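J.: To start, I am sharing the structure in question, which I have written as structure tokens.
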Protein chains: 2
Amino acid sequence: MTDKPTTIKEIAKILKVSVSTVSRALNDHSSIGLTTKMRVKKLAEELNYEPNQKAIQFLHGKSFVVGVILPELSESFFSAAISGIEDVAYKRNYTVLLAQSHDNAEREKLLVEKMKTQRVDGLLVSISKTTSTYEHFDNCRKLNIPVVFFDRIPPLKDIHYVASNLETGTFEAVNFLLKKGHRSIGMINGPNTLIASHERKEGYIRAMTANRLKYDPSLIVGCDLSEEGTINAMDIMLGHRRKPTAIVTFNDYVALFAMHYAKSVNRQEIDFVSYANLPIINYMDYSPIASVEQFPYKQGKKAADILIDLINKPKNDSGTEQAYFNIVVESELILSKQR
Amino acid sequence: MTDKPTTIKEIAKILKVSVSTVSRALNDHSSIGLTTKMRVKKLAEELNYEPNQKAIQFLHGKSFVVGVILPELSESFFSAAISGIEDVAYKRNYTVLLAQSHDNAEREKLLVEKMKTQRVDGLLVSISKTTSTYEHFDNCRKLNIPVVFFDRIPPLKDIHYVASNLETGTFEAVNFLLKKGHRSIGMINGPNTLIASHERKEGYIRAMTANRLKYDPSLIVGCDLSEEGTINAMDIMLGHRRKPTAIVTFNDYVALFAMHYAKSVNRQEIDFVSYANLPIINYMDYSPIASVEQFPYKQGKKAADILIDLINKPKNDSGTEQAYFNIVVESELILSKQR
DNA sequence: ATATTTACAACAAACGCTTGCGTTATTTCA
DNA sequence: TGAAATAACGCAAGCGTTTGTTGTAAATAT
């Protein structure tokens, strides 16, 4: 039946008016008579007319689409962030083009390329673990596509980003453990390439010194975040001469692996503190006693808002100094519910 | 510097050739001389030329975008499915426009509308828990936008879908428990509105009768999948006169709640079997002894493949009877690794 | 040397829609 | 009654690309 979608032209022909009249009628332009307006709208309705967005986008050079590139949707941090992004995007009449890099720098590059050819109006990016070059993003700037990074941000100047400050949350976490009486606190940290690893370390150190305790670097061990890596780290922890009685882990997965291992070697007395990623971890029998919450939904919202603002900002007229949004969302220590 | 993106026209002007020549040169058309080709390509490179997809899509009336609407990304079934969808979409040169209904029928309707105005070439949908009317999808057909449902499919004739058959997996699960010696097996099922609940029940019944055992309907209790609902169901289970020694739960969340509750009332001896959703559940100390795997990644791939085939199929020339793809992915019982 | 093919490139239309401007009637005011 | 204001609509350009057709020179065949 309905083969090709109805066009404005067909309506015009049937009603024996010009296409411009139809267009204006549909857009409630003031210079169109009420009767013609009605006739046009009625027929449009009947014919199931839907304006061809492709044509309109093409005409305006805008797509009302924001691209989102993130490492892994299955990580609940990101799926929560996406919800935030979606919510503001829809509220502001944008749609979301989503893609996962699967923590692969190559793929990430490819995706940026794809987004570029799709001519998204802006890009929201959380970079992959393995990304070490950043030209593909510069490239976007050349095409006037604003980029806002969130959570996993590259070590660059002159970028827009939204990220959480893990330093304060970590400070709170370590401080909490100290107040609880722990004196030897271990930390299973992430790879040094991540800014987040440094922030955690800083928070740890600050908490120690704030409590007039000596900071023992050997109590912080790096880890590639895999299960094997975690077990290696745990072996170091458990064999440490200072016998840590509490451990701060890089994320919930690491916590899970670590706790599991601790239990298997009968060291269940160790207290764990982690960073909130997995909602279900609270349902476990042996779970972290506290978590540093990073508010992914809020971060997503914020980032999307900034991006869309950026998109709609009048072009930087050569003279105007470009301002960069650097939003830091404070993290917060949340004590686990007693179960 | 670079304000507006470079166009083919500018290249033409600079090189003093026609736009068509430039276009053909860039597309390696045979009727363009090698030297001009080179000149054009070189300049295009220098000017950072990127073809304006909006214009191209508009011209062809195609967007090379498939829309995906699903309930919740944070459910790992869906995030896995998305990965499958993405993979085939990219391989076949499509991009993915994603949206979550958050299990809200209203929002789902809205999203379909949005997808329609965005003129996606096709739609992949897993309907929300609360969806009960389906006209919004019919609407797509009128615009010649093919729709393929996956996993959560509506009870309609004449639709394309990919879904898993939970009946066989459930049969295997119950059968497995019976072979293991259990004689009283409970099932915490989902709401009756879901087809999946029925399939589970059917599988349960078939396994019982296949083993010449009487089927006791009171051993299957419904549940709204919340924690409270699960605890209610568990109370019924635990108070049942036949004392179930094994329980099949609707999904991993329910399993988690149930196991936790079982442990808290010291009934840790009960064996659980669930449906695989959460990868991390295997890291728990007290976890299901087996899971029914539904292969979300595979389902996603399959669904996307069908959709894109549909998109590229020559239009149904009035006479040709439309064929509907109804793909069933068999589920499979996976025994948990001994840990 | 003339006719015919070949190689290369330009012209122009088309996709659906918006919008500045021009063109009619019709009304309003002096 | 004539001039100017107003209302209602049509014309046509333009957004960036692709593509069928046409044009023109050089190369080949006769």
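Going by the structure tokens order, chains are called A, B, ..., each with residues numbered from 1, while ligands are numbered from 1 in the order shown.
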Using only C-alpha atoms, which chain A residues lie at most 6 Å away from chain B, written as a list in words?

T.: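 Result: Lys54, Ala55, Phe58, Leu73, Ser74, Ser76, Ser79, Leu97, Gln118 and Leu143 of chain A.
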
J.: Could you superpose chain A on chain B by least squares over every Cα, matched in sequence order, and send it back as a short mmCIF file (atom, residue, chain, number, x, y, z; two decimals) with C-alpha atoms, in the first residue's frame?

T.:
```
data_model
loop_
_atom_site.label_atom_id
_atom_site.label_comp_id
_atom_site.auth_asym_id
_atom_site.auth_seq_id
_atom_site.Cartn_x
_atom_site.Cartn_y
_atom_site.Cartn_z
CA MET A 1 40.30 27.99 11.20
CA THR A 2 38.20 25.32 9.61
CA ASP A 3 34.77 26.66 10.15
CA LYS A 4 32.40 24.85 7.85
CA PRO A 5 33.41 21.44 6.57
CA THR A 6 34.75 21.35 3.06
CA THR A 7 32.25 20.60 0.32
CA ILE A 8 32.56 19.13 -3.08
CA LYS A 9 31.58 22.47 -4.49
CA GLU A 10 34.57 24.24 -3.05
CA ILE A 11 36.89 21.69 -4.48
CA ALA A 12 35.24 22.14 -7.83
CA LYS A 13 35.67 25.88 -7.71
CA ILE A 14 39.31 25.75 -6.78
CA LEU A 15 40.08 23.22 -9.46
CA LYS A 16 37.84 24.97 -11.96
CA VAL A 17 35.94 21.83 -12.80
CA SER A 18 32.32 20.98 -12.28
CA VAL A 19 30.95 19.45 -9.11
CA SER A 20 29.90 16.37 -10.99
CA THR A 21 33.46 15.83 -12.07
CA VAL A 22 34.63 16.08 -8.51
CA SER A 23 31.97 13.70 -7.35
CA ARG A 24 32.81 11.17 -9.99
CA ALA A 25 36.50 11.57 -9.45
CA LEU A 26 36.14 10.82 -5.78
CA ASN A 27 34.00 7.82 -6.56
CA ASP A 28 36.43 6.50 -9.14
CA HIS A 29 34.03 6.78 -11.96
CA SER A 30 35.37 5.44 -15.25
CA SER A 31 34.64 8.49 -17.30
CA ILE A 32 37.06 10.72 -15.48
CA GLY A 33 40.62 11.16 -16.64
CA LEU A 34 43.36 9.85 -14.44
CA THR A 35 45.02 13.22 -14.06
CA THR A 36 41.87 15.01 -12.93
CA LYS A 37 41.13 12.18 -10.56
CA MET A 38 44.51 12.64 -8.96
CA ARG A 39 44.18 16.37 -8.72
CA VAL A 40 40.78 16.09 -7.11
CA LYS A 41 41.78 13.43 -4.64
CA LYS A 42 44.88 15.28 -3.66
CA LEU A 43 43.04 18.49 -2.94
CA ALA A 44 40.27 16.65 -1.14
CA GLU A 45 42.86 15.10 1.10
CA GLU A 46 44.50 18.44 1.77
CA LEU A 47 41.23 20.12 2.54
CA ASN A 48 40.22 17.34 4.89
CA TYR A 49 37.17 16.69 2.85
CA GLU A 50 34.58 14.36 4.32
CA PRO A 51 31.47 13.63 2.32
CA ASN A 52 28.39 14.97 4.02
CA GLN A 53 26.55 11.84 4.98
CA LYS A 54 23.42 13.79 5.71
CA ALA A 55 23.20 14.82 2.11
CA ILE A 56 23.92 11.33 0.88
CA GLN A 57 21.47 9.69 3.23
CA PHE A 58 18.91 12.21 2.27
CA LEU A 59 19.52 11.57 -1.37
CA HIS A 60 19.19 7.83 -1.03
CA GLY A 61 16.48 7.89 1.55
CA LYS A 62 18.57 5.61 3.73
CA SER A 63 20.37 6.27 6.96
CA PHE A 64 22.33 3.10 7.56
CA VAL A 65 21.23 3.28 11.13
CA VAL A 66 19.43 0.57 13.03
CA GLY A 67 17.55 1.50 16.16
CA VAL A 68 17.68 -0.71 19.22
CA ILE A 69 15.19 -0.45 22.01
CA LEU A 70 15.62 -2.61 25.05
CA PRO A 71 14.56 -2.53 28.65
CA GLU A 72 17.74 -2.10 30.61
CA LEU A 73 21.36 -1.99 29.62
CA SER A 74 22.53 -2.86 33.07
CA GLU A 75 21.09 -6.31 32.71
CA SER A 76 23.97 -8.24 31.39
CA PHE A 77 21.78 -10.22 29.07
CA PHE A 78 21.11 -7.05 27.16
CA SER A 79 24.55 -5.61 27.25
CA ALA A 80 25.81 -8.88 25.83
CA ALA A 81 23.11 -8.82 23.17
CA ILE A 82 24.10 -5.29 22.25
CA SER A 83 27.64 -6.41 21.66
CA GLY A 84 26.34 -8.95 19.20
CA ILE A 85 24.18 -6.39 17.49
CA GLU A 86 27.01 -3.91 17.28
CA ASP A 87 29.37 -6.43 15.82
CA VAL A 88 27.21 -7.39 12.90
CA ALA A 89 25.99 -3.85 12.38
CA TYR A 90 29.52 -2.56 12.02
CA LYS A 91 30.53 -5.43 9.84
CA ARG A 92 27.67 -4.59 7.55
CA ASN A 93 28.28 -0.89 7.71
CA TYR A 94 25.43 0.17 9.87
CA THR A 95 25.47 2.15 13.05
CA VAL A 96 23.41 1.56 16.14
CA LEU A 97 21.03 4.01 17.71
CA LEU A 98 20.40 2.77 21.20
CA ALA A 99 17.73 3.49 23.76
CA GLN A 100 16.48 2.00 26.98
CA SER A 101 12.82 1.75 27.82
CA HIS A 102 13.57 1.13 31.49
CA ASP A 103 10.72 -1.33 31.33
CA ASN A 104 8.29 1.50 30.88
CA ALA A 105 5.70 1.09 28.16
CA GLU A 106 5.16 4.83 27.82
CA ARG A 107 8.79 5.51 27.30
CA GLU A 108 9.03 2.67 24.88
CA LYS A 109 6.31 4.20 22.78
CA LEU A 110 8.09 7.51 22.85
CA LEU A 111 11.31 5.90 21.78
CA VAL A 112 9.69 4.20 18.84
CA GLU A 113 8.39 7.59 17.87
CA LYS A 114 11.82 9.10 18.14
CA MET A 115 13.35 6.32 16.11
CA LYS A 116 10.72 6.83 13.50
CA THR A 117 11.37 10.52 13.17
CA GLN A 118 15.05 9.80 13.06
CA ARG A 119 14.14 7.56 10.15
CA VAL A 120 16.16 4.58 11.23
CA ASP A 121 16.30 1.94 8.55
CA GLY A 122 15.15 -0.76 10.91
CA LEU A 123 14.32 -1.48 14.51
CA LEU A 124 15.45 -4.11 16.97
CA VAL A 125 13.21 -4.36 19.98
CA SER A 126 13.01 -6.23 23.21
CA ILE A 127 9.75 -5.11 24.69
CA SER A 128 9.33 -3.80 28.17
CA LYS A 129 7.72 -5.73 30.97
CA THR A 130 4.77 -3.39 31.03
CA THR A 131 4.04 -3.18 27.33
CA SER A 132 0.58 -4.43 26.51
CA THR A 133 -0.34 -2.63 23.31
CA TYR A 134 1.60 -2.84 20.12
CA GLU A 135 0.24 -0.32 17.64
CA HIS A 136 3.36 1.76 17.77
CA PHE A 137 5.14 -1.07 16.03
CA ASP A 138 2.50 -1.46 13.37
CA ASN A 139 3.10 2.13 12.66
CA CYS A 140 6.64 1.33 11.67
CA ARG A 141 5.50 -1.11 9.09
CA LYS A 142 3.53 1.63 7.43
CA LEU A 143 6.73 3.58 7.06
CA ASN A 144 8.47 0.53 5.71
CA ILE A 145 10.70 0.22 8.71
CA PRO A 146 11.24 -3.46 9.44
CA VAL A 147 11.08 -4.50 13.08
CA VAL A 148 12.74 -7.54 14.57
CA PHE A 149 11.98 -8.49 18.12
CA PHE A 150 14.42 -10.34 20.27
CA ASP A 151 14.26 -12.13 23.59
CA ARG A 152 11.21 -10.34 24.94
CA ILE A 153 8.77 -10.74 22.12
CA PRO A 154 5.16 -9.62 21.96
CA PRO A 155 2.40 -12.18 21.63
CA LEU A 156 1.66 -11.32 18.02
CA LYS A 157 1.40 -13.16 14.77
CA ASP A 158 3.21 -11.92 11.72
CA ILE A 159 6.32 -10.56 13.32
CA HIS A 160 9.98 -11.27 12.97
CA TYR A 161 11.70 -12.42 16.08
CA VAL A 162 14.66 -14.11 17.63
CA ALA A 163 14.19 -15.63 21.02
CA SER A 164 15.47 -18.44 23.09
CA ASN A 165 13.43 -21.46 23.85
CA LEU A 166 13.40 -21.62 27.59
CA GLU A 167 11.30 -24.73 27.56
CA THR A 168 14.13 -27.03 26.62
CA GLY A 169 16.60 -25.43 28.98
CA THR A 170 14.11 -25.65 31.78
CA PHE A 171 13.42 -29.25 30.93
CA GLU A 172 17.11 -29.96 31.18
CA ALA A 173 17.35 -28.09 34.43
CA VAL A 174 14.52 -29.90 36.13
CA ASN A 175 15.64 -33.18 34.68
CA PHE A 176 19.09 -32.56 36.06
CA LEU A 177 17.69 -31.92 39.50
CA LEU A 178 15.59 -35.05 39.34
CA LYS A 179 18.55 -37.15 38.33
CA LYS A 180 20.39 -35.66 41.23
CA GLY A 181 17.79 -37.18 43.47
CA HIS A 182 15.51 -34.27 44.19
CA ARG A 183 11.88 -35.23 44.34
CA SER A 184 10.24 -32.03 45.38
CA ILE A 185 11.31 -29.21 43.10
CA GLY A 186 9.96 -25.71 43.42
CA MET A 187 9.90 -23.00 40.82
CA ILE A 188 9.80 -19.27 41.36
CA ASN A 189 8.41 -18.11 38.09
CA GLY A 190 7.91 -14.68 36.54
CA PRO A 191 4.68 -12.85 35.81
CA ASN A 192 2.20 -14.58 33.56
CA THR A 193 2.33 -11.76 31.06
CA LEU A 194 5.71 -12.94 29.90
CA ILE A 195 5.90 -15.72 27.39
CA ALA A 196 9.10 -16.74 29.08
CA SER A 197 7.13 -17.65 32.19
CA HIS A 198 5.00 -20.07 30.26
CA GLU A 199 7.94 -21.69 28.60
CA ARG A 200 9.56 -22.27 31.94
CA LYS A 201 6.43 -23.83 33.26
CA GLU A 202 6.06 -26.06 30.23
CA GLY A 203 9.62 -27.24 30.56
CA TYR A 204 9.06 -28.00 34.21
CA ILE A 205 5.94 -29.99 33.53
CA ARG A 206 7.48 -31.91 30.69
CA ALA A 207 10.46 -32.88 32.83
CA MET A 208 8.18 -34.12 35.58
CA THR A 209 5.98 -36.18 33.34
CA ALA A 210 8.97 -37.50 31.41
CA ASN A 211 10.17 -38.86 34.71
CA ARG A 212 6.75 -40.23 35.53
CA LEU A 213 6.28 -37.88 38.41
CA LYS A 214 3.15 -36.09 39.34
CA TYR A 215 3.16 -32.39 38.61
CA ASP A 216 2.15 -30.35 41.59
CA PRO A 217 0.97 -26.90 40.45
CA SER A 218 1.39 -25.47 43.91
CA LEU A 219 5.12 -25.92 43.62
CA ILE A 220 5.25 -23.24 40.95
CA VAL A 221 4.68 -19.79 42.36
CA GLY A 222 4.58 -16.55 40.48
CA CYS A 223 6.64 -13.53 41.40
CA ASP A 224 7.07 -9.95 40.26
CA LEU A 225 10.84 -10.42 40.27
CA SER A 226 11.41 -7.87 43.01
CA GLU A 227 13.16 -8.71 46.24
CA GLU A 228 9.93 -8.54 48.24
CA GLY A 229 8.14 -10.64 45.69
CA THR A 230 10.87 -13.19 45.86
CA ILE A 231 10.75 -13.35 49.63
CA ASN A 232 7.01 -13.84 49.49
CA ALA A 233 7.49 -16.65 47.03
CA MET A 234 10.16 -18.16 49.20
CA ASP A 235 7.87 -18.07 52.20
CA ILE A 236 5.40 -20.12 50.24
CA MET A 237 8.15 -22.49 49.19
CA LEU A 238 9.57 -22.95 52.66
CA GLY A 239 6.17 -23.44 54.15
CA HIS A 240 5.10 -25.92 51.53
CA ARG A 241 4.11 -29.30 52.87
CA ARG A 242 6.28 -31.05 50.34
CA LYS A 243 9.41 -29.22 51.45
CA PRO A 244 11.15 -28.52 48.13
CA THR A 245 14.82 -29.45 48.25
CA ALA A 246 15.63 -27.62 45.05
CA ILE A 247 14.29 -24.46 43.47
CA VAL A 248 14.42 -23.15 39.94
CA THR A 249 14.35 -19.35 39.90
CA PHE A 250 13.29 -17.07 37.09
CA ASN A 251 16.61 -15.28 36.89
CA ASP A 252 19.80 -14.60 38.77
CA TYR A 253 18.43 -11.69 40.68
CA VAL A 254 15.61 -13.77 41.99
CA ALA A 255 18.11 -16.52 42.75
CA LEU A 256 20.21 -14.05 44.66
CA PHE A 257 17.33 -12.79 46.73
CA ALA A 258 16.06 -16.29 47.31
CA MET A 259 19.38 -17.75 48.28
CA HIS A 260 20.04 -14.90 50.59
CA TYR A 261 16.71 -15.39 52.25
CA ALA A 262 17.15 -19.13 52.44
CA LYS A 263 20.41 -18.65 54.18
CA SER A 264 18.99 -16.15 56.61
CA VAL A 265 16.41 -18.69 57.73
CA ASN A 266 18.96 -21.46 57.81
CA ARG A 267 17.77 -23.42 54.87
CA GLN A 268 21.06 -23.35 53.07
CA GLU A 269 20.75 -26.95 51.97
CA ILE A 270 18.39 -26.09 49.15
CA ASP A 271 19.87 -26.40 45.67
CA PHE A 272 19.20 -23.58 43.26
CA VAL A 273 19.15 -23.51 39.50
CA SER A 274 18.78 -20.25 37.65
CA TYR A 275 19.00 -18.64 34.24
CA ALA A 276 22.32 -17.08 33.37
CA ASN A 277 22.28 -13.34 33.58
CA LEU A 278 24.98 -12.28 35.94
CA PRO A 279 28.48 -13.46 35.27
CA ILE A 280 29.60 -12.60 38.76
CA ILE A 281 27.14 -14.85 40.44
CA ASN A 282 29.63 -17.63 40.03
CA TYR A 283 31.94 -15.87 42.39
CA MET A 284 29.54 -16.10 45.24
CA ASP A 285 29.97 -18.57 48.01
CA TYR A 286 26.49 -19.86 47.84
CA SER A 287 25.45 -19.87 44.25
CA PRO A 288 23.23 -21.79 41.86
CA ILE A 289 24.53 -25.23 41.02
CA ALA A 290 23.52 -24.79 37.39
CA SER A 291 22.26 -22.19 34.98
CA VAL A 292 20.25 -22.14 31.81
CA GLU A 293 22.30 -20.21 29.28
CA GLN A 294 20.46 -18.15 26.69
CA PHE A 295 23.33 -16.98 24.52
CA PRO A 296 22.50 -13.29 24.37
CA TYR A 297 25.44 -12.40 22.17
CA LYS A 298 24.36 -14.95 19.63
CA GLN A 299 20.78 -13.78 19.80
CA GLY A 300 21.85 -10.21 19.23
CA LYS A 301 23.93 -11.15 16.23
CA LYS A 302 21.20 -13.20 14.72
CA ALA A 303 18.58 -10.54 15.20
CA ALA A 304 20.74 -7.85 13.67
CA ASP A 305 21.56 -10.04 10.73
CA ILE A 306 17.93 -10.69 10.03
CA LEU A 307 17.07 -7.04 10.35
CA ILE A 308 19.71 -5.90 7.93
CA ASP A 309 18.70 -8.60 5.50
CA LEU A 310 15.18 -7.34 5.77
CA ILE A 311 16.27 -3.78 5.16
CA ASN A 312 18.09 -4.70 2.02
CA LYS A 313 15.49 -7.03 0.68
CA PRO A 314 13.75 -5.85 -2.47
CA LYS A 315 10.38 -4.47 -1.49
CA ASN A 316 7.60 -6.96 -1.29
CA ASP A 317 6.07 -6.53 -4.70
CA SER A 318 2.47 -6.76 -3.70
CA GLY A 319 2.21 -10.35 -4.89
CA THR A 320 5.13 -11.80 -2.96
CA GLU A 321 4.01 -13.30 0.29
CA GLN A 322 5.90 -11.77 3.17
CA ALA A 323 7.85 -14.39 5.09
CA TYR A 324 8.40 -13.96 8.79
CA PHE A 325 11.60 -14.93 10.47
CA ASN A 326 10.98 -16.78 13.68
CA ILE A 327 14.29 -17.89 15.00
CA VAL A 328 14.53 -19.89 18.16
CA VAL A 329 17.85 -20.18 19.88
CA GLU A 330 17.94 -23.23 22.07
CA SER A 331 18.86 -22.63 25.67
CA GLU A 332 21.26 -24.92 27.38
CA LEU A 333 21.93 -26.09 30.92
CA ILE A 334 25.37 -25.24 32.17
CA LEU A 335 26.66 -26.77 35.37
CA SER A 336 28.47 -24.38 37.63
CA LYS A 337 32.16 -24.85 38.03
CA GLN A 338 33.09 -26.41 41.31
CA ARG A 339 34.82 -23.79 43.30
#
```

J.: With a cut-off of 9 Å, could you pull out the residues of chain D touching chain B and give me the nearest pair of atoms for each, distance in Å to one decimal, using only C-alpha atoms (C1' of nucleotides), ordered by chain and ascending number, as a tab-separated table?

T.:
```
residue	atom	partner	partner_atom	distance
D:DC15	C1'	B:Ala55	CA	8.1
D:DG16	C1'	B:Ala55	CA	5.3
D:DT17	C1'	B:Ile56	CA	5.8
D:DT18	C1'	B:Ser23	CA	7.7
D:DT19	C1'	B:Ser20	CA	8.6
```

J.: Tell me, as a PDB file with N, CA and C atoms (P, O5', C5', C4', C3', O3' and C1' of nucleotides), in the first residue's frame, which residues lie within 9 Å of DA5 of chain D, counting only C-alpha atoms (C1' of nucleotides); anything in the same chain fewer than 6 positions away does not count.

T.:
```
ATOM      1  P    DT C  27     -12.340  42.318   0.340  1.00  0.00           P
ATOM      2  O5'  DT C  27     -11.662  43.368   1.329  1.00  0.00           O
ATOM      3  C5'  DT C  27     -10.873  42.897   2.426  1.00  0.00           C
ATOM      4  C4'  DT C  27      -9.968  44.002   2.906  1.00  0.00           C
ATOM      5  C3'  DT C  27     -10.681  45.203   3.532  1.00  0.00           C
ATOM      6  O3'  DT C  27     -10.314  45.306   4.899  1.00  0.00           O
ATOM      7  C1'  DT C  27      -8.922  45.871   2.073  1.00  0.00           C
ATOM      8  P    DT C  28     -11.121  46.320   5.842  1.00  0.00           P
ATOM      9  O5'  DT C  28     -10.171  47.603   5.849  1.00  0.00           O
ATOM     10  C5'  DT C  28      -8.827  47.490   6.325  1.00  0.00           C
ATOM     11  C4'  DT C  28      -8.096  48.793   6.069  1.00  0.00           C
ATOM     12  C3'  DT C  28      -8.834  50.031   6.593  1.00  0.00           C
ATOM     13  O3'  DT C  28      -7.997  50.702   7.529  1.00  0.00           O
ATOM     14  C1'  DT C  28      -8.061  50.362   4.366  1.00  0.00           C
ATOM     15  P    DC C  29      -8.661  51.747   8.554  1.00  0.00           P
ATOM     16  O5'  DC C  29      -8.050  53.121   8.027  1.00  0.00           O
ATOM     17  C5'  DC C  29      -6.638  53.222   7.812  1.00  0.00           C
ATOM     18  C4'  DC C  29      -6.362  54.338   6.810  1.00  0.00           C
ATOM     19  C3'  DC C  29      -7.087  55.647   7.125  1.00  0.00           C
ATOM     20  O3'  DC C  29      -6.143  56.650   7.491  1.00  0.00           O
ATOM     21  C1'  DC C  29      -7.173  55.096   4.788  1.00  0.00           C
TER      22       DC C  29
END
```

J.: Write down, as a PyMOL selection string, each residue of chain C that has any atom within 7 Å of an atom of chain B, counting only C-alpha atoms (C1' of nucleotides).

T.: chain C and resi 8-10+15

J.: Write out as a PyMOL selection string all residues of segment 143-250 of chain A that DSSP puts in alpha helix (DSSP H) for this structure's backbone.

T.: chain A and resi 166-179+195-210+227-239

J.: Based on DSSP run over this structure's backbone, return all residues of segment 10-116 of chain A in strand (DSSP E), as a list in words.

T.: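 Taking segment 10-116 of chain A and keeping strand (DSSP E) gives Val65, Val66, Gly67, Val68, Ile69, Leu70, Thr95, Val96, Leu97, Leu98, Ala99 and Gln100 of chain A.
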
J.: Could you save the residues just selected, with N, CA and C atoms, as a JSON list (two decimals), in the first residue's frame?

T.:
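Saved file again.json follows:
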```json
[["chain", "number", "residue", "atom", "x", "y", "z"],
["A", 65, "VAL", "N", 21.81, 14.61, 16.84],
["A", 65, "VAL", "CA", 22.26, 13.32, 17.36],
["A", 65, "VAL", "C", 23.56, 13.54, 18.12],
["A", 66, "VAL", "N", 23.64, 13.00, 19.31],
["A", 66, "VAL", "CA", 24.92, 13.02, 20.00],
["A", 66, "VAL", "C", 25.46, 11.60, 20.04],
["A", 67, "GLY", "N", 26.73, 11.48, 19.74],
["A", 67, "GLY", "CA", 27.37, 10.17, 19.77],
["A", 67, "GLY", "C", 27.93, 9.90, 21.15],
["A", 68, "VAL", "N", 27.86, 8.66, 21.57],
["A", 68, "VAL", "CA", 28.43, 8.27, 22.87],
["A", 68, "VAL", "C", 29.33, 7.08, 22.66],
["A", 69, "ILE", "N", 30.57, 7.22, 23.06],
["A", 69, "ILE", "CA", 31.49, 6.10, 22.96],
["A", 69, "ILE", "C", 31.99, 5.77, 24.36],
["A", 70, "LEU", "N", 31.77, 4.56, 24.77],
["A", 70, "LEU", "CA", 32.24, 4.16, 26.09],
["A", 70, "LEU", "C", 32.76, 2.74, 26.04],
["A", 95, "THR", "N", 18.89, 12.73, 19.98],
["A", 95, "THR", "CA", 18.93, 11.29, 20.13],
["A", 95, "THR", "C", 20.36, 10.84, 20.33],
["A", 96, "VAL", "N", 20.50, 9.60, 20.76],
["A", 96, "VAL", "CA", 21.79, 9.11, 21.22],
["A", 96, "VAL", "C", 22.29, 7.98, 20.33],
["A", 97, "LEU", "N", 23.42, 8.19, 19.75],
["A", 97, "LEU", "CA", 24.05, 7.15, 18.95],
["A", 97, "LEU", "C", 25.12, 6.51, 19.82],
["A", 98, "LEU", "N", 24.93, 5.24, 20.12],
["A", 98, "LEU", "CA", 25.78, 4.62, 21.12],
["A", 98, "LEU", "C", 26.76, 3.62, 20.53],
["A", 99, "ALA", "N", 27.92, 3.53, 21.12],
["A", 99, "ALA", "CA", 28.87, 2.51, 20.68],
["A", 99, "ALA", "C", 29.83, 2.15, 21.80],
["A", 100, "GLN", "N", 30.23, 0.89, 21.82],
["A", 100, "GLN", "CA", 31.16, 0.43, 22.83],
["A", 100, "GLN", "C", 32.54, 0.20, 22.22]]
```

J.: What's the 10 Å shell around DA27 of chain D, counting only C-alpha atoms (C1' of nucleotides), without same-chain residues fewer than 4 positions away, as a PDB file with N, CA and C atoms (P, O5', C5', C4', C3', O3' and C1' of nucleotides), in the first residue's frame?

T.:
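Listed below is the output, part_17.pdb:
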```pdb
ATOM      1  P    DT C   5      31.427   2.699 -34.191  1.00  0.00           P
ATOM      2  O5'  DT C   5      32.312   2.619 -32.853  1.00  0.00           O
ATOM      3  C5'  DT C   5      33.489   1.820 -32.880  1.00  0.00           C
ATOM      4  C4'  DT C   5      34.571   2.472 -32.059  1.00  0.00           C
ATOM      5  C3'  DT C   5      34.346   2.464 -30.542  1.00  0.00           C
ATOM      6  O3'  DT C   5      35.288   1.583 -29.954  1.00  0.00           O
ATOM      7  C1'  DT C   5      35.337   4.485 -31.299  1.00  0.00           C
ATOM      8  P    DT C   6      35.124   1.141 -28.440  1.00  0.00           P
ATOM      9  O5'  DT C   6      35.987   2.248 -27.681  1.00  0.00           O
ATOM     10  C5'  DT C   6      37.376   2.361 -27.969  1.00  0.00           C
ATOM     11  C4'  DT C   6      37.943   3.557 -27.240  1.00  0.00           C
ATOM     12  C3'  DT C   6      37.573   3.622 -25.747  1.00  0.00           C
ATOM     13  O3'  DT C   6      38.775   3.608 -24.998  1.00  0.00           O
ATOM     14  C1'  DT C   6      37.300   5.729 -26.814  1.00  0.00           C
ATOM     15  P    DA C   7      38.781   3.549 -23.423  1.00  0.00           P
ATOM     16  O5'  DA C   7      39.118   5.073 -23.083  1.00  0.00           O
ATOM     17  C5'  DA C   7      40.253   5.692 -23.670  1.00  0.00           C
ATOM     18  C4'  DA C   7      40.303   7.120 -23.181  1.00  0.00           C
ATOM     19  C3'  DA C   7      40.028   7.269 -21.689  1.00  0.00           C
ATOM     20  O3'  DA C   7      41.019   8.142 -21.143  1.00  0.00           O
ATOM     21  C1'  DA C   7      38.532   8.637 -22.922  1.00  0.00           C
TER      22       DA C   7
END
```

J.: Which residues are close to DT4 of chain C, i.e. within 10 Å by only C-alpha atoms (C1' of nucleotides), leaving aside same-chain residues fewer than 6 positions away? Reply as a list in words.

T.: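 These residues fall inside the cut-off: DT28, DA29 and DT30 of chain D.
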
J.: With C-alpha atoms (C1' of nucleotides) retained, could you export that selection as an mmCIF file, in the first residue's frame?

T.:
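Now in again03.cif:
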```
data_model
loop_
_atom_site.group_PDB
_atom_site.id
_atom_site.type_symbol
_atom_site.label_atom_id
_atom_site.label_comp_id
_atom_site.auth_asym_id
_atom_site.auth_seq_id
_atom_site.Cartn_x
_atom_site.Cartn_y
_atom_site.Cartn_z
ATOM 1 C "C1'" DT D 28 42.083 4.176 -33.384
ATOM 2 C "C1'" DA D 29 40.318 1.877 -37.314
ATOM 3 C "C1'" DT D 30 39.053 1.942 -42.250
#
```
